[in-house]
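Chemist: Sharing upload_12.txt (compact mmCIF, C-alpha atoms and all ligand atoms) below.
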```
# COMPACT_ATOMS: atom_id res chain seq x y z
CA MET A 106 120.74 91.97 113.66
CA ALA A 107 123.76 90.37 115.29
CA PHE A 108 125.18 87.34 113.48
CA LEU A 109 127.25 85.28 115.91
CA ASP A 110 127.28 81.97 114.06
CA HIS A 111 130.43 82.29 111.95
CA ALA A 112 131.48 78.72 112.79
CA ALA A 113 128.36 77.50 110.94
CA THR A 114 129.10 79.70 107.94
CA THR A 115 130.62 83.13 107.52
CA PRO A 116 129.60 85.92 105.11
CA ILE A 117 131.25 85.83 101.72
CA ARG A 118 134.35 88.02 101.46
CA PRO A 119 134.41 90.77 98.77
CA GLU A 120 137.56 89.25 97.20
CA SER A 121 135.73 85.96 96.84
CA LEU A 122 132.63 87.52 95.32
CA VAL A 123 134.75 89.27 92.68
CA ALA A 124 136.64 86.08 91.78
CA LEU A 125 133.37 84.13 91.67
CA THR A 126 131.51 86.56 89.43
CA VAL A 127 134.47 87.08 87.07
CA ALA A 128 134.74 83.29 86.65
CA TYR A 129 130.97 82.99 86.07
CA GLU A 130 131.31 85.27 83.06
CA HIS A 131 133.12 82.42 81.28
CA THR A 132 131.42 79.33 79.95
CA GLY A 133 134.14 76.72 79.63
CA ASN A 134 134.51 73.29 81.17
CA ALA A 135 138.05 72.98 82.55
CA SER A 136 138.41 69.62 80.77
CA SER A 137 137.57 71.02 77.31
CA LEU A 138 140.41 71.64 74.88
CA HIS A 139 139.01 74.76 73.17
CA ALA A 140 139.71 78.36 74.25
CA ALA A 141 136.79 78.58 76.74
CA GLY A 142 137.90 75.30 78.31
CA ARG A 143 141.49 76.50 78.53
CA GLN A 144 140.29 79.69 80.21
CA ALA A 145 138.41 77.64 82.85
CA ARG A 146 141.47 75.41 83.31
CA LYS A 147 143.63 78.51 83.83
CA THR A 148 141.19 79.74 86.50
CA VAL A 149 141.38 76.37 88.28
CA GLU A 150 145.17 76.06 88.10
CA GLU A 151 145.71 79.63 89.33
CA ALA A 152 143.35 78.87 92.21
CA ARG A 153 145.27 75.67 92.94
CA GLU A 154 148.55 77.62 93.15
CA SER A 155 146.91 80.14 95.45
CA VAL A 156 145.38 77.47 97.75
CA ALA A 157 148.74 75.70 97.90
CA ALA A 158 150.50 78.95 98.85
CA SER A 159 147.86 79.64 101.54
CA LEU A 160 148.17 76.16 103.06
CA GLY A 161 151.92 75.53 102.68
CA CYS A 162 151.63 72.59 100.33
CA GLY A 163 152.44 71.85 96.70
CA PRO A 164 149.80 72.57 94.01
CA SER A 165 149.71 68.90 93.02
CA GLU A 166 148.71 68.02 96.60
CA VAL A 167 145.45 70.03 96.38
CA ILE A 168 142.34 67.99 95.46
CA PHE A 169 139.30 70.23 94.96
CA THR A 170 136.08 68.78 96.40
CA SER A 171 132.54 69.89 97.22
CA GLY A 172 133.55 70.90 100.77
CA GLY A 173 134.44 69.67 104.22
CA THR A 174 132.09 66.70 104.34
CA GLU A 175 133.31 65.23 101.07
CA SER A 176 136.96 65.86 101.96
CA ASP A 177 136.54 64.12 105.33
CA ASN A 178 134.82 61.15 103.68
CA LEU A 179 137.50 60.92 100.99
CA ALA A 180 140.29 61.03 103.57
CA VAL A 181 138.82 58.56 106.04
CA LYS A 182 137.43 55.99 103.60
CA GLY A 183 140.17 56.49 101.00
CA LEU A 184 143.02 56.04 103.50
CA TYR A 185 141.28 53.05 105.08
CA TRP A 186 140.75 51.24 101.76
CA ALA A 187 144.30 51.95 100.57
CA ARG A 188 145.91 50.82 103.84
CA ARG A 189 143.75 47.72 104.16
CA ALA A 190 144.66 46.73 100.59
CA GLU A 191 148.31 46.70 101.72
CA ALA A 192 147.64 44.44 104.73
CA ARG A 193 144.30 42.75 105.40
CA GLY A 194 144.60 42.95 109.18
CA ARG A 195 145.03 46.71 109.10
CA VAL A 196 141.50 47.57 110.14
CA ARG A 197 141.69 49.81 113.22
CA VAL A 198 140.57 53.42 112.75
CA LEU A 199 141.45 55.78 115.59
CA CYS A 200 139.66 59.12 115.74
CA SER A 201 138.94 61.58 118.52
CA ALA A 202 135.63 61.33 120.36
CA VAL A 203 134.89 64.98 119.51
CA GLU A 204 135.18 64.86 115.71
CA HIS A 205 132.53 66.50 113.57
CA HIS A 206 129.94 64.07 112.18
CA ALA A 207 131.63 64.45 108.78
CA VAL A 208 134.43 62.29 110.26
CA LEU A 209 132.57 60.31 112.94
CA ASP A 210 129.91 59.01 110.55
CA PRO A 211 132.17 57.72 107.74
CA VAL A 212 134.33 56.10 110.42
CA ALA A 213 131.21 54.42 111.90
CA TRP A 214 130.14 53.40 108.37
CA LEU A 215 133.52 51.73 107.82
CA GLY A 216 132.84 49.86 111.05
CA SER A 217 129.41 48.66 109.99
CA HIS A 218 130.14 47.96 106.29
CA GLU A 219 133.87 47.46 105.75
CA GLY A 220 135.11 45.52 108.76
CA ALA A 221 136.83 48.45 110.44
CA VAL A 222 137.41 48.38 114.18
CA VAL A 223 136.54 51.87 115.42
CA GLU A 224 138.28 53.31 118.47
CA HIS A 225 137.61 56.78 119.85
CA ILE A 226 140.46 58.69 121.46
CA PRO A 227 139.16 60.14 124.76
CA VAL A 228 139.35 63.85 125.59
CA ASP A 229 139.77 65.75 128.85
CA ARG A 230 137.34 68.27 130.36
CA LEU A 231 138.60 70.97 127.99
CA GLY A 232 138.00 68.78 124.94
CA ARG A 233 141.71 68.11 124.32
CA ILE A 234 142.62 64.56 123.30
CA ASP A 235 144.44 62.36 125.78
CA VAL A 236 147.79 61.91 124.04
CA ASP A 237 148.88 59.16 126.45
CA ALA A 238 145.72 57.22 125.67
CA LEU A 239 146.45 57.56 121.94
CA ALA A 240 150.05 56.37 122.47
CA HIS A 241 148.69 53.36 124.37
CA MET A 242 146.09 52.57 121.68
CA ILE A 243 148.75 52.64 118.96
CA ALA A 244 151.29 50.65 121.00
CA LEU A 245 148.77 47.81 121.53
CA ASP A 246 149.27 46.75 117.90
CA PRO A 247 150.69 49.44 115.58
CA ASP A 248 150.52 47.27 112.46
CA SER A 249 146.75 46.94 112.74
CA VAL A 250 146.10 50.72 112.65
CA ALA A 251 144.89 51.92 109.23
CA LEU A 252 144.77 55.62 110.08
CA VAL A 253 144.42 58.24 112.78
CA SER A 254 142.06 61.22 112.35
CA VAL A 255 142.10 64.14 114.79
CA MET A 256 140.59 67.54 114.00
CA MET A 257 142.78 70.66 114.32
CA ALA A 258 140.19 72.54 116.35
CA ASN A 259 136.73 71.64 117.56
CA ASN A 260 133.71 73.27 115.94
CA GLU A 261 131.61 73.43 119.13
CA VAL A 262 133.94 74.49 121.92
CA GLY A 263 136.89 75.66 119.83
CA THR A 264 139.54 73.57 121.61
CA VAL A 265 142.76 73.26 119.60
CA GLN A 266 144.23 69.75 119.37
CA PRO A 267 147.92 68.80 119.73
CA ILE A 268 148.35 67.72 116.10
CA ALA A 269 152.17 67.72 116.21
CA GLU A 270 152.08 65.10 118.98
CA VAL A 271 149.51 63.00 117.12
CA VAL A 272 151.67 63.05 113.98
CA ARG A 273 154.81 62.15 115.98
CA LEU A 274 153.12 59.15 117.64
CA ALA A 275 151.51 57.83 114.45
CA HIS A 276 154.47 58.39 112.14
CA ALA A 277 156.78 56.49 114.48
CA HIS A 278 154.86 53.46 113.15
CA GLY A 279 154.25 54.65 109.58
CA ILE A 280 150.55 55.31 110.28
CA PRO A 281 148.99 58.12 108.17
CA VAL A 282 147.25 61.02 109.93
CA HIS A 283 144.29 63.00 108.63
CA SER A 284 143.12 66.23 110.23
CA ASP A 285 139.86 68.09 109.73
CA GLY A 286 141.08 71.67 109.52
CA VAL A 287 137.67 73.17 108.65
CA GLN A 288 137.45 75.39 111.73
CA ALA A 289 141.18 76.00 112.15
CA VAL A 290 142.21 77.16 108.68
CA GLY A 291 141.92 80.94 108.47
CA SER A 292 141.90 81.24 112.27
CA LEU A 293 145.18 79.57 113.27
CA ASP A 294 148.59 79.26 111.66
CA VAL A 295 148.23 76.21 109.43
CA ASP A 296 151.14 74.98 107.31
CA PHE A 297 150.55 71.56 105.78
CA ARG A 298 154.23 70.80 105.17
CA LEU A 299 155.31 71.82 108.69
CA SER A 300 152.40 69.93 110.27
CA GLY A 301 153.69 66.63 108.89
CA LEU A 302 150.08 65.61 108.15
CA ASP A 303 149.20 63.18 105.38
CA ALA A 304 145.79 64.68 104.64
CA LEU A 305 144.05 67.93 105.59
CA THR A 306 140.41 68.94 105.08
CA VAL A 307 139.46 72.54 104.22
CA SER A 308 136.01 74.04 103.53
CA SER A 309 135.35 77.19 101.48
CA HIS A 310 132.26 78.58 103.23
CA LYS A 311 133.99 78.61 106.63
CA VAL A 312 136.65 81.02 105.36
CA GLY A 313 134.34 83.40 103.50
CA GLY A 314 134.06 81.62 100.17
CA PRO A 315 131.05 80.08 98.41
CA HIS A 316 129.23 77.05 99.81
CA GLY A 317 129.85 73.66 98.21
CA ALA A 318 133.59 74.03 97.60
CA GLY A 319 136.67 72.95 99.49
CA ALA A 320 139.74 70.77 99.25
CA LEU A 321 141.50 67.77 100.61
CA VAL A 322 145.25 68.25 100.72
CA VAL A 323 146.93 64.88 100.21
CA GLY A 324 150.66 64.64 100.79
CA ARG A 325 152.89 63.37 97.99
CA GLY A 326 153.23 59.59 98.12
CA VAL A 327 150.14 59.11 100.33
CA SER A 328 147.81 56.44 98.91
CA ILE A 329 144.09 57.18 98.94
CA GLU A 330 141.37 55.24 97.12
CA PRO A 331 138.86 57.52 95.36
CA LEU A 332 135.23 57.80 96.48
CA LEU A 333 133.85 59.10 93.18
CA HIS A 334 134.65 57.36 89.91
CA GLY A 335 134.23 58.97 86.50
CA GLY A 336 136.35 61.38 84.55
CA ALA A 337 139.10 61.57 87.22
CA GLN A 338 139.27 65.35 86.72
CA GLU A 339 141.04 65.72 90.07
CA ARG A 340 143.16 62.53 89.99
CA LEU A 341 141.50 61.21 93.17
CA ARG A 342 138.10 62.74 92.49
CA SER A 343 135.77 62.72 89.50
CA GLY A 344 133.23 65.36 88.50
CA THR A 345 133.30 68.48 86.35
CA LEU A 346 135.27 71.12 88.19
CA ASP A 347 133.28 74.04 89.60
CA SER A 348 135.76 76.61 88.30
CA PRO A 349 133.87 79.69 89.67
CA GLY A 350 133.44 78.05 93.09
CA ILE A 351 137.10 77.06 93.14
CA ALA A 352 138.19 80.61 92.21
CA GLY A 353 135.94 82.06 94.94
CA PHE A 354 137.27 79.56 97.46
CA ALA A 355 140.91 80.33 96.65
CA ALA A 356 140.35 84.10 96.93
CA ALA A 357 138.55 83.76 100.29
CA LEU A 358 141.21 81.42 101.65
CA ALA A 359 144.03 83.80 100.65
CA ALA A 360 142.24 86.74 102.33
CA ALA A 361 141.47 84.72 105.49
CA VAL A 362 144.99 83.31 105.80
CA ASP A 363 146.72 86.63 105.04
CA GLY A 364 144.67 88.46 107.65
CA HIS A 365 144.42 85.72 110.26
CA ALA A 366 146.93 87.06 112.81
CA GLU A 367 145.30 90.47 112.97
CA ALA A 368 141.80 88.92 112.99
CA ALA A 369 142.76 86.52 115.79
CA HIS A 370 143.94 89.42 117.93
CA ARG A 371 140.75 91.42 117.34
CA LEU A 372 138.39 88.47 117.77
CA THR A 373 140.08 87.16 120.93
CA SER A 374 139.53 90.49 122.61
CA LEU A 375 135.88 90.70 121.43
CA ARG A 376 135.27 87.08 122.50
CA ASN A 377 136.81 87.70 125.93
CA GLU A 378 134.54 90.73 126.34
CA LEU A 379 131.54 88.55 125.52
CA VAL A 380 132.56 85.80 127.97
CA ALA A 381 133.23 88.30 130.77
CA GLY A 382 129.89 90.03 130.11
CA VAL A 383 127.88 86.79 130.09
CA LEU A 384 129.56 85.62 133.32
CA GLU A 385 128.61 88.90 134.96
CA LEU A 386 124.97 88.70 133.82
CA VAL A 387 124.49 84.97 134.49
CA PRO A 388 126.90 84.03 137.28
CA ASP A 389 126.05 80.29 137.23
CA VAL A 390 126.74 79.94 133.49
CA VAL A 391 129.37 77.32 132.61
CA VAL A 392 131.96 78.26 129.98
CA SER A 393 133.41 75.30 128.05
CA GLY A 394 136.66 74.95 126.13
CA ASP A 395 140.22 75.87 126.97
CA PRO A 396 140.26 79.05 129.15
CA ASP A 397 143.74 79.75 127.76
CA SER A 398 143.34 81.73 124.52
CA ALA A 399 146.22 79.83 122.90
CA GLY A 400 144.27 76.59 123.29
CA ARG A 401 141.01 77.83 121.79
CA LEU A 402 139.87 79.28 118.48
CA PRO A 403 139.80 83.09 118.75
CA GLY A 404 136.14 83.54 117.81
CA HIS A 405 134.55 80.73 119.82
CA ALA A 406 132.56 81.19 123.05
CA HIS A 407 130.58 78.24 124.40
CA PHE A 408 128.16 78.49 127.33
CA SER A 409 125.85 76.09 129.19
CA PHE A 410 122.96 77.76 131.04
CA PRO A 411 121.69 75.61 133.94
CA GLY A 412 117.92 75.04 133.88
CA CYS A 413 117.50 76.19 130.26
CA GLU A 414 116.83 74.38 127.02
CA GLY A 415 119.39 75.38 124.35
CA ASP A 416 116.76 75.45 121.59
CA ALA A 417 114.54 77.79 123.67
CA LEU A 418 117.46 80.16 124.25
CA LEU A 419 118.31 80.07 120.55
CA MET A 420 114.75 80.87 119.42
CA LEU A 421 114.30 83.63 122.01
CA LEU A 422 117.57 85.24 120.92
CA ASP A 423 116.62 84.82 117.27
CA ALA A 424 113.38 86.69 117.94
CA ARG A 425 115.55 89.57 119.17
CA GLY A 426 117.76 89.52 116.06
CA ILE A 427 120.65 87.52 117.52
CA GLU A 428 121.80 84.47 115.58
CA CYS A 429 123.87 81.78 117.23
CA SER A 430 123.84 78.00 117.56
CA THR A 431 123.15 75.35 120.16
CA GLY A 432 126.35 73.55 119.15
CA SER A 433 127.31 72.37 115.75
CA ALA A 434 124.94 73.75 113.12
CA CYS A 435 125.06 70.42 111.36
CA THR A 436 123.56 68.63 114.36
CA ALA A 437 121.19 71.40 115.49
CA GLY A 438 117.64 70.14 115.52
CA ILE A 439 118.58 66.85 117.12
CA PRO A 440 117.39 67.36 120.70
CA GLU A 441 120.13 65.26 122.31
CA PRO A 442 123.06 66.70 124.20
CA SER A 443 126.11 67.18 122.00
CA HIS A 444 128.49 64.22 121.74
CA VAL A 445 131.35 66.70 122.17
CA LEU A 446 130.13 67.90 125.57
CA LEU A 447 129.33 64.36 126.70
CA ALA A 448 132.86 63.22 125.73
CA MET A 449 134.20 66.13 127.81
CA GLY A 450 132.29 64.79 130.82
CA VAL A 451 129.69 67.59 130.91
CA ASP A 452 126.50 66.58 132.75
CA PRO A 453 123.88 65.70 130.06
CA GLU A 454 121.23 67.96 131.67
CA LEU A 455 123.62 70.91 131.67
CA ALA A 456 124.76 70.10 128.12
CA ARG A 457 121.17 70.54 126.89
CA GLY A 458 121.25 74.20 127.88
CA SER A 459 124.20 75.05 125.64
CA LEU A 460 124.79 77.88 123.19
CA ARG A 461 127.72 78.54 120.91
CA PHE A 462 128.49 82.11 119.89
CA SER A 463 131.12 82.32 117.18
CA LEU A 464 132.66 85.54 115.87
CA GLY A 465 134.24 86.12 112.50
CA HIS A 466 135.53 88.61 109.98
CA THR A 467 132.44 90.85 110.02
CA SER A 468 131.95 90.83 113.82
CA THR A 469 131.92 94.17 115.64
CA PRO A 470 131.78 95.36 119.28
CA ASP A 471 128.10 96.16 118.57
CA ASP A 472 127.38 92.46 118.09
CA VAL A 473 128.75 91.72 121.57
CA ARG A 474 126.84 94.65 123.09
CA THR A 475 123.60 93.46 121.48
CA VAL A 476 123.98 89.99 123.04
CA LEU A 477 124.76 91.42 126.46
CA ASN A 478 121.81 93.85 126.27
CA GLU A 479 119.32 91.10 125.40
CA LEU A 480 120.61 88.10 127.34
CA THR A 481 119.15 88.56 130.84
CA PRO A 482 115.43 88.53 129.91
CA VAL A 483 116.06 85.67 127.49
CA VAL A 484 117.69 83.47 130.13
CA GLU A 485 114.96 84.36 132.67
CA ARG A 486 112.24 83.45 130.19
CA ALA A 487 113.97 80.19 129.19
CA ARG A 488 114.33 79.29 132.88
CA ARG A 489 110.64 79.95 133.52
CA ALA A 490 109.76 77.75 130.55
CA GLY A 491 112.05 75.08 132.05
CA ARG A 492 112.57 71.76 130.45
CA PRO A 493 109.86 70.01 128.43
CA ARG A 494 108.30 67.23 130.53
CA ILE A 495 109.70 63.90 129.37
CA ARG A 496 106.75 61.70 128.50
CA PRO A 497 106.72 58.04 129.47
CA VAL A 498 107.71 55.79 126.57
CA SER A 499 104.13 54.48 126.21
CA ASP A 500 102.64 57.83 125.12
CA ALA A 501 105.65 59.05 123.18
CA VAL A 502 105.10 59.58 119.46
CA ARG A 503 106.90 56.79 117.64
N1 LIG B 1 134.19 69.59 109.79
C1 LIG B 1 133.94 70.55 110.69
C2 LIG B 1 134.82 70.66 111.89
C3 LIG B 1 132.87 71.43 110.52
O1 LIG B 1 132.63 72.38 111.42
C4 LIG B 1 132.04 71.28 109.36
C5 LIG B 1 130.84 72.13 109.18
O2 LIG B 1 130.18 72.53 110.13
C6 LIG B 1 132.36 70.27 108.44
C7 LIG B 1 133.43 69.45 108.68
C8 LIG B 1 131.56 70.09 107.18
O3 LIG B 1 131.98 71.03 106.22
P1 LIG B 1 131.04 71.39 104.96
O4 LIG B 1 129.92 72.21 105.50
O5 LIG B 1 131.93 72.16 104.03
O6 LIG B 1 130.58 70.11 104.36
```
Could you write out this file's structure as C-alpha cells?

Modeler:
Amino acid sequence: MAFLDHAATTPIRPESLVALTVAYEHTGNASSLHAAGRQARKTVEEARESVAASLGCGPSEVIFTSGGTESDNLAVKGLYWARRAEARGRVRVLCSAVEHHAVLDPVAWLGSHEGAVVEHIPVDRLGRIDVDALAHMIALDPDSVALVSVMMANNEVGTVQPIAEVVRLAHAHGIPVHSDGVQAVGSLDVDFRLSGLDALTVSSHKVGGPHGAGALVVGRGVSIEPLLHGGAQERLRSGTLDSPGIAGFAAALAAAVDGHAEAAHRLTSLRNELVAGVLELVPDVVVSGDPDSAGRLPGHAHFSFPGCEGDALLMLLDARGIECSTGSACTAGIPEPSHVLLAMGVDPELARGSLRFSLGHTSTPDDVRTVLNELTPVVERARRAGRPRIRPVSDAVR
C-alpha cells in the first residue's frame, strides 16, 4: 500500500494517540465544577496553551471548534455579521477564486441569504492571487468591504498565497482578514501574531490529530458573531467541549509544528523525485502549481494527464494499492473539473484528467517508487478507456 493522500487526511501521530487515550480515561465535562470536570477543564486549558504556543497567538485567542469547515464558517459569517452590524452598507465579501468549499460555500450563502455582494479575487496560472486586482477591488470602495478571506496555501495544487500583502492592503482600510490555514499549518512557518491576520482556521486531522477537531484563532479585539448559540463554552462557540479530541489535536499540532522544517526538507526532495519520475514516464503530463519550491507546499504534486479521466486513473491506482485524489477530497465524486484549475486557466478537458499526490509525515521513498513502478500501465489503460461519451441532454438521466 502507498498512501499519497495526506492533504485529505494524514495518519494520527503517536503523540496525539497518547494524549487522546489518556484524556478518554477521564469522564468529566469541562464545564462541571466537581473534580472530574476540573480535570477535563485542565486538559482543555493545557491544550489551549499548547495550541497558542504552536501558532504564535495568545491562549484567549484560540476558539476550539469541530474542525476546518466550522472554523471557516464561523470566520466568514461571523465577521460579515459583525461588520455589517457596524455599517449597513458594508456588504462586500472578497475571497480568492481558489478557496476550499468550506470558505466558498458560506460566502455564496451570505450572497444568497444575507445580502452580501460576493467578489472573487482572480489568480494567475500558478494559482497565486492577483494582488493588484485585490488592491483595485478594495480601492473601488473600501468602506463597503466587510472582510477579505484568502487561504494560506491551496489544498489542490499547493500554491502558497501572499498573505502579508493581503493583510497590508486590507488593514490600510481597517478591513479584517481571515485565512484558511488548514493545509499550511504544520507544513509552513505560521505565526499568527507576525502574520497580522484577524482570524486563522486550523484543522486537527490535517496535522495528525483526530478528525472532528480544530480551532479558529481570533485576534484580540476582533468582533465575530457566533454561529452556534447555547452554553457559550468557548465564548464565540457553544457546545460541550470534546476534551479528548482537543488534547489529541494540541499534541498533533505541537509535533507537526516542531518538526515542520525538517519534514519540509525531506518531503520537498521526495516530492521532486516523484514529479521528475512522472515527467519521465509520461512526457506530456502537465504539472500544476508553483514550480518554485518556496511557492508550493512541500508535499504536494499535482498532475493533469491528457486524454485520461481523473476518476479512472484514481480507481486503477487504487486497485494497485496506491491512494491519491483527483483534487480536493471534499469535492471528489463530483465529475466536474475543479474550480481551482478552471480559475488558473487550465483547459477544462485537461483539468478532468487530474490527480493530486500529497506526501506527509509517514511518507517514504518506497511510496514514490511504488507510484513510479505502477504508473505507466495505469495511464495507458486510462487512455485506452478514454473519456465517457457525453450523452445528448434528451437521454441523460435527470
Ligand atoms: N480548508 C481546506 C483548505 C481544506 O483542505 C479542508 C479539508 O479538506 C477544509 C478546509 C475542511 O477541513 P475539515 O475537514 O477539518 O472540516

Chemist: Please provide the set of residues having any atom within 10 Å of Val271 in chain A, restricted to only C-alpha atoms, with same-chain residues fewer than 4 positions apart removed, written as a JSON list (two decimals) with C-alpha atoms, keeping the file's coordinate frame.

Modeler:
```
[["chain", "number", "residue", "atom", "x", "y", "z"],
["A", 234, "ILE", "CA", 142.62, 64.56, 123.30],
["A", 236, "VAL", "CA", 147.79, 61.91, 124.04],
["A", 239, "LEU", "CA", 146.45, 57.56, 121.94],
["A", 240, "ALA", "CA", 150.05, 56.37, 122.47],
["A", 253, "VAL", "CA", 144.42, 58.24, 112.78],
["A", 254, "SER", "CA", 142.06, 61.22, 112.35],
["A", 255, "VAL", "CA", 142.10, 64.14, 114.79],
["A", 266, "GLN", "CA", 144.23, 69.75, 119.37],
["A", 267, "PRO", "CA", 147.92, 68.80, 119.73],
["A", 275, "ALA", "CA", 151.51, 57.83, 114.45],
["A", 276, "HIS", "CA", 154.47, 58.39, 112.14],
["A", 282, "VAL", "CA", 147.25, 61.02, 109.93],
["A", 283, "HIS", "CA", 144.29, 63.00, 108.63],
["A", 284, "SER", "CA", 143.12, 66.23, 110.23],
["A", 301, "GLY", "CA", 153.69, 66.63, 108.89],
["A", 302, "LEU", "CA", 150.08, 65.61, 108.15]]
```

Chemist: Identify, on the basis of all atoms listed in the file, every residue whose closest approach to range 141-152 of chain A does not exceed 8 Å; exclude the query and any residue fewer than 6 positions from it along the same chain; express the result as a ChimeraX atom specification.

Modeler: /A:128,131-135,348-349,351-352,355-356

Chemist: Would you export the selected residues with C-alpha atoms as a compact mmCIF listing (two decimals), in the coordinates of the input, please?

Modeler:
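Result file again_5.txt:
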```txt
# COMPACT_ATOMS: atom_id res chain seq x y z
CA ALA A 128 134.74 83.29 86.65
CA HIS A 131 133.12 82.42 81.28
CA THR A 132 131.42 79.33 79.95
CA GLY A 133 134.14 76.72 79.63
CA ASN A 134 134.51 73.29 81.17
CA ALA A 135 138.05 72.98 82.55
CA SER A 348 135.76 76.61 88.30
CA PRO A 349 133.87 79.69 89.67
CA ILE A 351 137.10 77.06 93.14
CA ALA A 352 138.19 80.61 92.21
CA ALA A 355 140.91 80.33 96.65
CA ALA A 356 140.35 84.10 96.93
```

Chemist: Quick one: pull the distance between CA of Phe410 in chain A and CA of Leu384 in chain A, Å, one decimal.

Modeler: 10.5 Å

Chemist: So that each row is one residue of range 263-379 of chain A with an atom at most 7 Å from range 165-186 of chain A, can you give its shortest atom pair and the distance in Å to one decimal, using all atoms listed in the file, rows by chain and rising number, as a tab-separated table?

Modeler:
```
residue	atom	partner	partner_atom	distance
A:His283	CA	A:Ala180	CA	6.7
A:Asp285	CA	A:Asp177	CA	6.8
A:Val287	CA	A:Gly173	CA	6.5
A:Ala304	CA	A:Ala180	CA	6.7
A:Thr306	CA	A:Ser176	CA	5.6
A:Val307	CA	A:Gly173	CA	5.8
A:Ser308	CA	A:Gly173	CA	4.7
A:Ser309	CA	A:Gly172	CA	6.6
A:Gly317	CA	A:Ser171	CA	4.7
A:Ala318	CA	A:Ser171	CA	4.3
A:Gly319	CA	A:Gly172	CA	3.9
A:Ala320	CA	A:Phe169	CA	4.3
A:Leu321	CA	A:Ser176	CA	5.1
A:Val322	CA	A:Val167	CA	4.7
A:Val323	CA	A:Glu166	CA	5.1
A:Gly324	CA	A:Glu166	CA	5.7
A:Arg325	CA	A:Glu166	CA	6.4
A:Ser328	CA	A:Leu184	CA	6.6
A:Ile329	CA	A:Gly183	CA	4.5
A:Glu330	CA	A:Gly183	CA	4.2
A:Pro331	CA	A:Gly183	CA	5.9
A:Leu332	CA	A:Leu179	CA	5.9
A:Glu339	CA	A:Ile168	CA	6.0
```

Chemist: Please produce a file of those selected residues containing C-alpha atoms, as a PDB file, in the coordinates of the input.

Modeler:
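Result saved to out-v9.pdb:
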```
ATOM      1  CA  HIS A 283     144.290  63.000 108.630  1.00  0.00           C
ATOM      2  CA  ASP A 285     139.860  68.090 109.730  1.00  0.00           C
ATOM      3  CA  VAL A 287     137.670  73.170 108.650  1.00  0.00           C
ATOM      4  CA  ALA A 304     145.790  64.680 104.640  1.00  0.00           C
ATOM      5  CA  THR A 306     140.410  68.940 105.080  1.00  0.00           C
ATOM      6  CA  VAL A 307     139.460  72.540 104.220  1.00  0.00           C
ATOM      7  CA  SER A 308     136.010  74.040 103.530  1.00  0.00           C
ATOM      8  CA  SER A 309     135.350  77.190 101.480  1.00  0.00           C
ATOM      9  CA  GLY A 317     129.850  73.660  98.210  1.00  0.00           C
ATOM     10  CA  ALA A 318     133.590  74.030  97.600  1.00  0.00           C
ATOM     11  CA  GLY A 319     136.670  72.950  99.490  1.00  0.00           C
ATOM     12  CA  ALA A 320     139.740  70.770  99.250  1.00  0.00           C
ATOM     13  CA  LEU A 321     141.500  67.770 100.610  1.00  0.00           C
ATOM     14  CA  VAL A 322     145.250  68.250 100.720  1.00  0.00           C
ATOM     15  CA  VAL A 323     146.930  64.880 100.210  1.00  0.00           C
ATOM     16  CA  GLY A 324     150.660  64.640 100.790  1.00  0.00           C
ATOM     17  CA  ARG A 325     152.890  63.370  97.990  1.00  0.00           C
ATOM     18  CA  SER A 328     147.810  56.440  98.910  1.00  0.00           C
ATOM     19  CA  ILE A 329     144.090  57.180  98.940  1.00  0.00           C
ATOM     20  CA  GLU A 330     141.370  55.240  97.120  1.00  0.00           C
ATOM     21  CA  PRO A 331     138.860  57.520  95.360  1.00  0.00           C
ATOM     22  CA  LEU A 332     135.230  57.800  96.480  1.00  0.00           C
ATOM     23  CA  GLU A 339     141.040  65.720  90.070  1.00  0.00           C
TER      24      GLU A 339
END
```

Chemist: Nearest to Val272 in chain A among A:Met420, A:Ala258, A:Val290, A:Ile243, with distances taken over all atoms listed in the file: which residue is it?

Modeler: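 Of A:Met420, A:Ala258, A:Val290, A:Ile243, the one nearest Val272 in chain A is A:Ile243, counting all atoms listed in the file.
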